Structures are given as structure tokens and as C-alpha cells.
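Structure data (mmCIF, C-alpha atoms) from query.cif:
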```
data_protein
#
loop_
_atom_site.label_atom_id
_atom_site.label_comp_id
_atom_site.auth_asym_id
_atom_site.auth_seq_id
_atom_site.Cartn_x
_atom_site.Cartn_y
_atom_site.Cartn_z
CA MET A 1 -6.73 -77.37 -124.21
CA LYS A 2 -6.12 -81.12 -123.97
CA ILE A 3 -8.50 -83.16 -126.10
CA LEU A 4 -9.23 -86.88 -126.34
CA ILE A 5 -11.08 -88.33 -129.33
CA ALA A 6 -12.57 -91.81 -128.84
CA GLU A 7 -13.63 -93.04 -132.26
CA ASP A 8 -13.19 -96.35 -134.09
CA ASP A 9 -13.91 -95.03 -137.59
CA PHE A 10 -10.87 -93.70 -139.47
CA THR A 11 -12.72 -91.02 -141.44
CA SER A 12 -14.51 -89.67 -138.37
CA ARG A 13 -11.25 -89.65 -136.40
CA LEU A 14 -9.44 -87.78 -139.15
CA LEU A 15 -12.17 -85.17 -139.43
CA LEU A 16 -12.42 -84.56 -135.68
CA GLN A 17 -8.64 -84.46 -135.30
CA GLU A 18 -8.15 -81.93 -138.07
CA ILE A 19 -10.94 -79.65 -136.84
CA LEU A 20 -9.92 -79.82 -133.16
CA LYS A 21 -6.14 -79.53 -133.52
CA LYS A 22 -6.54 -75.78 -134.01
CA TYR A 23 -7.71 -75.55 -130.40
CA GLY A 24 -5.27 -77.73 -128.51
CA VAL A 25 -3.34 -80.96 -128.20
CA VAL A 26 -5.34 -83.88 -129.58
CA HIS A 27 -4.97 -87.51 -128.58
CA VAL A 28 -6.82 -90.35 -130.23
CA ALA A 29 -8.21 -93.64 -128.93
CA VAL A 30 -9.72 -96.22 -131.27
CA ASP A 31 -12.03 -97.87 -128.77
CA GLY A 32 -13.57 -97.42 -125.32
CA SER A 33 -10.89 -99.36 -123.42
CA GLU A 34 -8.11 -97.31 -124.96
CA ALA A 35 -10.00 -94.09 -124.21
CA LEU A 36 -10.55 -95.08 -120.59
CA GLU A 37 -6.89 -95.97 -120.14
CA ALA A 38 -5.76 -92.69 -121.71
CA PHE A 39 -8.16 -90.77 -119.45
CA ARG A 40 -6.98 -92.64 -116.34
CA SER A 41 -3.31 -91.98 -117.16
CA ALA A 42 -3.94 -88.30 -117.76
CA LEU A 43 -5.73 -87.99 -114.41
CA SER A 44 -2.95 -89.87 -112.61
CA GLU A 45 -0.32 -87.61 -114.17
CA GLY A 46 -2.18 -84.49 -113.10
CA THR A 47 -2.79 -83.41 -116.70
CA PRO A 48 -6.43 -84.30 -117.22
CA TYR A 49 -8.27 -83.92 -120.49
CA ASP A 50 -10.39 -80.80 -120.86
CA LEU A 51 -12.53 -82.24 -123.63
CA VAL A 52 -13.49 -85.74 -124.73
CA CYS A 53 -15.30 -86.37 -128.01
CA MET A 54 -16.80 -89.84 -127.75
CA ASP A 55 -18.35 -92.09 -130.35
CA ILE A 56 -20.95 -94.52 -129.00
CA MET A 57 -20.82 -97.56 -131.26
CA MET A 58 -17.31 -98.94 -130.82
CA PRO A 59 -16.02 -102.51 -130.57
CA GLY A 60 -15.72 -103.90 -127.06
CA MET A 61 -16.69 -101.21 -124.55
CA ASP A 62 -19.08 -98.77 -126.16
CA GLY A 63 -19.16 -95.02 -125.64
CA GLN A 64 -21.98 -95.08 -123.08
CA GLU A 65 -20.08 -97.47 -120.81
CA THR A 66 -16.83 -95.55 -121.34
CA LEU A 67 -18.59 -92.32 -120.38
CA ARG A 68 -19.89 -93.83 -117.12
CA LYS A 69 -16.48 -95.24 -116.26
CA ILE A 70 -14.79 -91.90 -116.96
CA ARG A 71 -17.19 -90.17 -114.58
CA ASP A 72 -16.53 -92.90 -111.99
CA LEU A 73 -12.78 -92.26 -112.32
CA GLU A 74 -13.33 -88.56 -111.75
CA GLU A 75 -15.64 -89.08 -108.76
CA ASN A 76 -13.12 -91.40 -107.15
CA ARG A 77 -10.71 -88.47 -107.26
CA GLY A 78 -13.25 -86.04 -105.87
CA ILE A 79 -13.86 -84.43 -109.24
CA TYR A 80 -17.53 -83.84 -109.82
CA PHE A 81 -19.47 -82.96 -112.96
CA ALA A 82 -18.98 -79.20 -112.89
CA ASP A 83 -15.20 -79.57 -112.56
CA GLY A 84 -14.72 -82.62 -114.74
CA ALA A 85 -13.88 -83.00 -118.41
CA LYS A 86 -16.38 -81.66 -120.92
CA ILE A 87 -17.66 -84.70 -122.79
CA ILE A 88 -19.40 -84.44 -126.16
CA MET A 89 -20.93 -87.59 -127.59
CA VAL A 90 -20.52 -87.69 -131.37
CA SER A 91 -22.62 -90.48 -132.81
CA ALA A 92 -24.67 -91.57 -135.79
CA LEU A 93 -27.18 -92.98 -133.29
CA GLY A 94 -30.03 -90.49 -132.93
CA ASP A 95 -32.61 -92.46 -130.96
CA MET A 96 -33.98 -90.99 -127.74
CA LYS A 97 -32.75 -93.88 -125.60
CA ASN A 98 -29.11 -93.29 -126.54
CA ILE A 99 -29.44 -89.54 -126.13
CA ILE A 100 -31.11 -89.87 -122.72
CA ASP A 101 -28.60 -92.51 -121.58
CA ALA A 102 -25.74 -90.23 -122.58
CA PHE A 103 -27.06 -87.30 -120.57
CA LYS A 104 -27.83 -89.62 -117.65
CA GLY A 105 -24.21 -90.73 -117.93
CA LEU A 106 -23.28 -87.04 -117.54
CA CYS A 107 -22.16 -85.98 -120.99
CA HIS A 108 -22.38 -82.27 -121.74
CA ALA A 109 -23.59 -82.44 -125.30
CA TYR A 110 -24.72 -84.88 -127.97
CA LEU A 111 -23.89 -84.23 -131.60
CA GLN A 112 -25.35 -86.45 -134.23
CA LYS A 113 -23.18 -87.47 -137.17
CA PRO A 114 -22.41 -86.63 -139.92
CA ILE A 115 -19.75 -84.48 -138.30
CA ASP A 116 -20.30 -80.82 -139.08
CA GLY A 117 -17.43 -78.48 -138.26
CA GLN A 118 -19.70 -75.50 -137.55
CA ASN A 119 -21.89 -77.47 -135.15
CA LEU A 120 -18.84 -78.81 -133.33
CA ILE A 121 -17.29 -75.35 -132.94
CA ARG A 122 -20.62 -73.94 -131.78
CA GLU A 123 -20.73 -76.61 -129.09
CA LEU A 124 -17.18 -75.79 -127.97
CA GLU A 125 -18.22 -72.13 -127.67
CA LYS A 126 -21.35 -73.04 -125.67
CA LEU A 127 -19.22 -75.08 -123.29
CA ASP A 128 -16.82 -72.13 -122.86
CA LEU A 129 -13.95 -74.21 -124.16
CA ILE A 130 -13.17 -71.62 -126.83
CA SER A 131 -14.11 -67.99 -127.21
CA PRO A 132 -16.77 -67.12 -129.82
CA GLN A 133 -15.23 -67.42 -133.27
CA HIS A 134 -14.97 -64.49 -135.61
CA LYS A 135 -17.54 -64.90 -138.36
CA SER A 136 -16.58 -63.19 -141.64
CA MET B 1 -25.10 -109.12 -173.82
CA HIS B 2 -24.54 -107.15 -177.05
CA LYS B 3 -23.50 -108.68 -180.37
CA ASP B 4 -19.93 -107.45 -179.85
CA GLY B 5 -19.73 -109.28 -176.51
CA THR B 6 -19.97 -106.19 -174.30
CA GLU B 7 -22.53 -105.73 -171.57
CA ASP B 8 -24.14 -102.64 -170.07
CA THR B 9 -23.08 -101.90 -166.49
CA ASN B 10 -26.23 -101.15 -164.59
CA VAL B 11 -25.93 -100.79 -160.85
CA ASN B 12 -29.69 -100.99 -160.53
CA THR B 13 -29.95 -104.66 -161.44
CA MET B 14 -27.78 -107.60 -160.79
CA PRO B 15 -27.48 -110.11 -163.61
CA ALA B 16 -29.04 -113.50 -163.19
CA GLY B 17 -26.44 -116.17 -163.14
CA ALA B 18 -25.55 -119.55 -161.82
CA ASP B 19 -26.38 -118.35 -158.30
CA GLY B 20 -30.04 -117.84 -159.05
CA PRO B 21 -32.48 -115.05 -159.84
CA ALA B 22 -31.52 -111.38 -160.03
CA VAL B 23 -30.96 -109.66 -156.66
CA LYS B 24 -33.18 -106.66 -155.96
CA PRO B 25 -30.97 -103.63 -155.36
CA VAL B 26 -31.27 -101.46 -152.25
CA PRO B 27 -34.10 -99.07 -153.13
CA GLY B 28 -34.10 -95.29 -153.10
CA LEU B 29 -30.57 -94.65 -154.27
CA ASP B 30 -31.52 -92.93 -157.53
CA ALA B 31 -32.70 -89.82 -155.71
CA LEU B 32 -29.39 -89.44 -153.88
CA PRO B 33 -26.12 -87.90 -155.05
CA VAL B 34 -23.09 -90.17 -155.31
CA TRP B 35 -21.02 -87.40 -153.69
CA ASP B 36 -22.30 -84.01 -152.53
CA ARG B 37 -19.05 -82.05 -152.62
CA ALA B 38 -20.69 -78.70 -151.85
CA VAL B 39 -22.26 -79.91 -148.60
CA MET B 40 -19.06 -81.65 -147.57
CA LEU B 41 -17.13 -78.42 -148.11
CA GLU B 42 -19.55 -76.57 -145.81
CA ARG B 43 -19.14 -79.21 -143.13
CA VAL B 44 -15.34 -78.93 -143.22
CA LEU B 45 -15.58 -75.18 -142.71
CA ASP B 46 -14.94 -74.35 -146.38
CA ASP B 47 -11.40 -75.69 -146.00
CA GLU B 48 -10.43 -77.19 -149.36
CA ASP B 49 -7.25 -78.73 -147.95
CA LEU B 50 -9.24 -80.44 -145.20
CA LEU B 51 -11.78 -81.65 -147.74
CA ASP B 52 -8.99 -83.21 -149.82
CA MET B 53 -7.39 -84.80 -146.77
CA VAL B 54 -10.64 -86.37 -145.58
CA ARG B 55 -11.65 -87.38 -149.12
CA GLU B 56 -8.32 -89.18 -149.63
CA GLY B 57 -8.56 -90.76 -146.19
CA TYR B 58 -12.03 -92.09 -146.98
CA LEU B 59 -10.96 -93.51 -150.34
CA MET B 60 -7.97 -95.19 -148.71
CA ASP B 61 -9.89 -96.63 -145.77
CA MET B 62 -13.22 -97.69 -147.26
CA PRO B 63 -11.83 -100.79 -149.07
CA ASN B 64 -10.60 -101.98 -145.64
CA GLN B 65 -14.05 -101.38 -144.14
CA ILE B 66 -15.80 -103.23 -146.98
CA GLY B 67 -13.28 -106.07 -146.66
CA GLU B 68 -13.95 -106.30 -142.93
CA LEU B 69 -17.69 -106.39 -143.59
CA LYS B 70 -17.17 -109.35 -145.93
CA ASN B 71 -15.05 -111.14 -143.33
CA LEU B 72 -17.67 -110.63 -140.64
CA ILE B 73 -20.43 -111.88 -142.95
CA GLY B 74 -18.35 -114.95 -143.70
CA ALA B 75 -17.91 -115.54 -139.98
CA GLY B 76 -21.66 -115.18 -139.36
CA ASP B 77 -20.95 -112.47 -136.77
CA VAL B 78 -24.31 -110.69 -136.56
CA PRO B 79 -23.31 -107.99 -134.02
CA GLY B 80 -20.06 -107.47 -135.93
CA VAL B 81 -21.86 -107.07 -139.26
CA THR B 82 -24.30 -104.62 -137.66
CA ARG B 83 -21.49 -102.53 -136.23
CA GLN B 84 -19.46 -102.64 -139.45
CA ALA B 85 -22.43 -101.59 -141.60
CA HIS B 86 -22.96 -98.76 -139.09
CA THR B 87 -19.31 -97.74 -139.56
CA ILE B 88 -19.63 -97.73 -143.35
CA LYS B 89 -22.79 -95.67 -143.02
CA GLY B 90 -21.16 -93.15 -140.69
CA ALA B 91 -17.93 -92.76 -142.66
CA SER B 92 -19.88 -92.27 -145.89
CA ALA B 93 -22.17 -89.74 -144.23
CA ASN B 94 -19.14 -87.76 -143.06
CA VAL B 95 -17.95 -87.31 -146.65
CA CYS B 96 -21.47 -86.85 -148.07
CA ALA B 97 -21.29 -90.03 -150.17
CA GLU B 98 -25.05 -90.29 -149.84
CA ARG B 99 -25.67 -93.46 -151.85
CA MET B 100 -22.98 -95.31 -149.88
CA ARG B 101 -24.53 -93.96 -146.67
CA GLU B 102 -27.90 -95.33 -147.71
CA MET B 103 -26.34 -98.71 -148.52
CA GLY B 104 -24.75 -98.77 -145.05
CA LEU B 105 -28.08 -97.84 -143.47
CA TRP B 106 -29.95 -100.60 -145.31
CA MET B 107 -27.30 -103.16 -144.37
CA GLU B 108 -27.26 -102.05 -140.73
CA LYS B 109 -31.03 -102.43 -140.46
CA ALA B 110 -30.96 -105.84 -142.18
CA ALA B 111 -28.19 -107.05 -139.87
CA LYS B 112 -30.10 -105.82 -136.79
CA ASP B 113 -33.00 -107.97 -138.01
CA GLY B 114 -30.62 -110.93 -138.27
CA ASP B 115 -30.74 -111.01 -142.09
CA ILE B 116 -27.05 -111.63 -142.81
CA ALA B 117 -27.95 -113.39 -146.04
CA GLY B 118 -29.73 -110.22 -147.16
CA VAL B 119 -26.65 -108.16 -146.37
CA ALA B 120 -24.45 -110.63 -148.26
CA GLU B 121 -26.70 -110.35 -151.31
CA LYS B 122 -26.05 -106.62 -151.46
CA LEU B 123 -22.24 -106.82 -151.35
CA ALA B 124 -21.85 -106.64 -155.11
CA GLN B 125 -24.03 -103.51 -155.16
CA LEU B 126 -21.93 -102.02 -152.35
CA ASP B 127 -18.78 -102.61 -154.39
CA GLN B 128 -20.36 -100.97 -157.43
CA GLU B 129 -21.51 -97.98 -155.40
CA PHE B 130 -18.00 -97.50 -154.06
CA GLU B 131 -16.67 -97.54 -157.62
CA LEU B 132 -19.08 -94.70 -158.40
CA VAL B 133 -17.81 -92.77 -155.36
CA LYS B 134 -14.19 -93.26 -156.45
CA LYS B 135 -15.00 -91.84 -159.88
CA ALA B 136 -16.91 -88.90 -158.41
CA MET B 137 -14.13 -88.10 -155.93
CA ALA B 138 -11.26 -88.46 -158.41
CA LYS B 139 -9.40 -85.18 -158.86
#
```

Here is the file; what I need is its structure written in the form of C-alpha cells.
Amino acid sequence: MKILIAEDDFTSRLLLQEILKKYGVVHVAVDGSEALEAFRSALSEGTPYDLVCMDIMMPGMDGQETLRKIRDLEENRGIYFADGAKIIMVSALGDMKNIIDAFKGLCHAYLQKPIDGQNLIRELEKLDLISPQHKS
Amino acid sequence: MHKDGTEDTNVNTMPAGADGPAVKPVPGLDALPVWDRAVMLERVLDDEDLLDMVREGYLMDMPNQIGELKNLIGAGDVPGVTRQAHTIKGASANVCAERMREMGLWMEKAAKDGDIAGVAEKLAQLDQEFELVKKAMAK
């Protein structure tokens, strides 16, 4: 699995990276512009991301705008929601407006921070990105 | 001040000084743990190595985040201060440093209301809270 993390906070990035690296190759962007550019390059190279974990509050272009632009990039290439990257918003913002905007922007899931490894893995399982994990 | 010249360190009050009356601390911190290691361990999937890595990363990065907050306050950058307080809140929440999280939350709300002076007043308390976190997280 090819994974892109878009997150400006060091601690959040570290946590997401370390949890997700067990499941695939992880790339990191520190803001929306960098994330969009990484996504565009991957599409152009024919090696698109399978999963994007996106923070919302980032300097410059925020996660909501980045999400919309990612979906625009995909649509321009004839890739529609069902076939596009799975996008999980990971944000400390828990207000209904941000949640609704994210789903309107065509994210697949919205996880509220603090980052919880079990919740993240559960979401990956729900999105069929990984098989159900063995629980001891 | 005691007779021997020492003073008590009390994070719940700021001493009055040349700058004016004592600053009221951010309320509600007493009920919160400085660092909830047990909950953090659950959130990192009971991985002690991952806990240590993230703990060390937080301790290394947070002085930079607090420094950036101070710079943004000095520049009068209201959106910047709001975002930076949000970052401090989120990073602290990730490592279950609950008092620091609450400080970040208070500062974020104050900045959203345009009260940069209020945020600036709480910087000394933020520094003191981080010192408590460093002690709690020390191996």
C-alpha cells in the first residue's frame, strides 16, 4: 500500500508514520501544497497513493481545500470516488461544519485527534485497506 | 519570599512584579494529569518502543512550537497564534499531556476571540507546564 500523510505537526506525523509503516510505504507532506504536489506526481507517474491521511488545520492550504483539489486531480484523469484514493481526515477539529465539509469534499472517514492507533487500524479495516487484524 | 531567600514555585499563581498585578492562571488544570502514560500506551497499541519514540519526539519538538508561538504573538499574527495554539493542543493531546493540552485549548480559544494579550499573559504558565511534563516524562 502507498500512503501519504499530510500533517504539519511533528508529533502527529511521527505517530501516524510509525503506526502506518507496518502496512506500506509512507510518504510525508508538511502542508497542503506539498501534499497536493506529491499526489499529483504520484498520479502522473502511474503509482497513485492508496491512502491519504490528512490533517485539516495546516499553514497555507488547509486540509479541506487540499482534499477538494485532490479529488479534482483524480476526476480530471477519469478517476472517480469509488476508484480513487481512500482519504481519512485526521483532525483535532470536531465541529459538525468541518466534518460535513470533509464528507462533502469526498473523504472516506474522519478521525478526531488525539490519534489512537486502534481507531486508525479499525478504519483501515473498514475501508478494506488491510485485512482484519488478529486480536490476542 | 522565605527568610533564606528562597521562594515557593507555584504554577497556580504568578508573582506580582514590576509588570503589574498577578496573572490569573488558566483554570481547570488541577483536575488533569500532567502525563497519562497508561492511556498513551493504549493509543500506541501497547508498543513501549513507539511510546518512547513519540515521547522523545514531543519533548524535542515542543520547545520549537512554544518558541514559534512566542514569535507569532510578538508579530501580532492572530491567525498564526490561533493555528499554533491549536498545534500545541493537538501535539499534547497525542501524548496525553493533558494539562498542556488544556493550555493549548485555552490559548486557541482566546486567540480566536482576538485576545492575543490574554494568550501572551499565559506564556509563563505554558513554560511552567512544559517543565512539569518534562519531569513526568523523564526516564

Kindly resolve the PyMOL selection byres ((chain A) within 12 of (chain B)) on the present coordinates and return the residues as a PyMOL selection string.
chain A and resi 7-20+55-60+62+90-93+112-121+135

Picked residues, the PyMOL selection byres ((chain B and resi 124-137) around 10), expected as a VMD selection string
chain B and resid 9 to 14 23 to 26 29 33 to 37 52 55 to 56 58 to 59 62 to 63 66 92 97 to 100 103 to 104 107 119 to 123 138 to 139

List the neighbours of Ala35 (chain A) out to 12 Å using only C-alpha atoms; skip same-chain residues closer than 5 positions along the sequence, and give me the result as a PyMOL selection string.
chain A and resi 3-8+27-30+40-42+49+52-56+58+60-63+65-67+69-70

Those same residues - C-alpha atoms - I'd like them written as a compact mmCIF listing (two decimals), in the coordinates of the input.
```txt
# COMPACT_ATOMS: atom_id res chain seq x y z
CA ILE A 3 -8.50 -83.16 -126.10
CA LEU A 4 -9.23 -86.88 -126.34
CA ILE A 5 -11.08 -88.33 -129.33
CA ALA A 6 -12.57 -91.81 -128.84
CA GLU A 7 -13.63 -93.04 -132.26
CA ASP A 8 -13.19 -96.35 -134.09
CA HIS A 27 -4.97 -87.51 -128.58
CA VAL A 28 -6.82 -90.35 -130.23
CA ALA A 29 -8.21 -93.64 -128.93
CA VAL A 30 -9.72 -96.22 -131.27
CA ARG A 40 -6.98 -92.64 -116.34
CA SER A 41 -3.31 -91.98 -117.16
CA ALA A 42 -3.94 -88.30 -117.76
CA TYR A 49 -8.27 -83.92 -120.49
CA VAL A 52 -13.49 -85.74 -124.73
CA CYS A 53 -15.30 -86.37 -128.01
CA MET A 54 -16.80 -89.84 -127.75
CA ASP A 55 -18.35 -92.09 -130.35
CA ILE A 56 -20.95 -94.52 -129.00
CA MET A 58 -17.31 -98.94 -130.82
CA GLY A 60 -15.72 -103.90 -127.06
CA MET A 61 -16.69 -101.21 -124.55
CA ASP A 62 -19.08 -98.77 -126.16
CA GLY A 63 -19.16 -95.02 -125.64
CA GLU A 65 -20.08 -97.47 -120.81
CA THR A 66 -16.83 -95.55 -121.34
CA LEU A 67 -18.59 -92.32 -120.38
CA LYS A 69 -16.48 -95.24 -116.26
CA ILE A 70 -14.79 -91.90 -116.96
```

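The space between CA of Gly46 (chain A) and CA of Ile87 (chain A) spans 18.3 Å.
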
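Residues in contact range of Asp77 (chain B), defined as at most 10 Å between all atoms listed in the file, with sequence neighbours fewer than 6 positions away removed, read Leu69, Asn71, Arg83, Ala111, Gly114 and Ile116 of chain B.
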
What gap, in Å, lies between CA of Thr82 (chain B) and CA of Glu108 (chain B)?
5.0 Å

Selection as a short mmCIF file (atom, residue, chain, number, x, y, z; two decimals) with C-alpha atoms, in the frame of the given file: residues within 6 Å of (-23.5, -95.1, -120.2), counting all atoms listed in the file:
```
data_model
loop_
_atom_site.label_atom_id
_atom_site.label_comp_id
_atom_site.auth_asym_id
_atom_site.auth_seq_id
_atom_site.Cartn_x
_atom_site.Cartn_y
_atom_site.Cartn_z
CA GLN A 64 -21.98 -95.08 -123.08
CA GLU A 65 -20.08 -97.47 -120.81
CA LEU A 67 -18.59 -92.32 -120.38
CA ARG A 68 -19.89 -93.83 -117.12
CA ASP A 101 -28.60 -92.51 -121.58
CA ALA A 102 -25.74 -90.23 -122.58
CA GLY A 105 -24.21 -90.73 -117.93
#
```
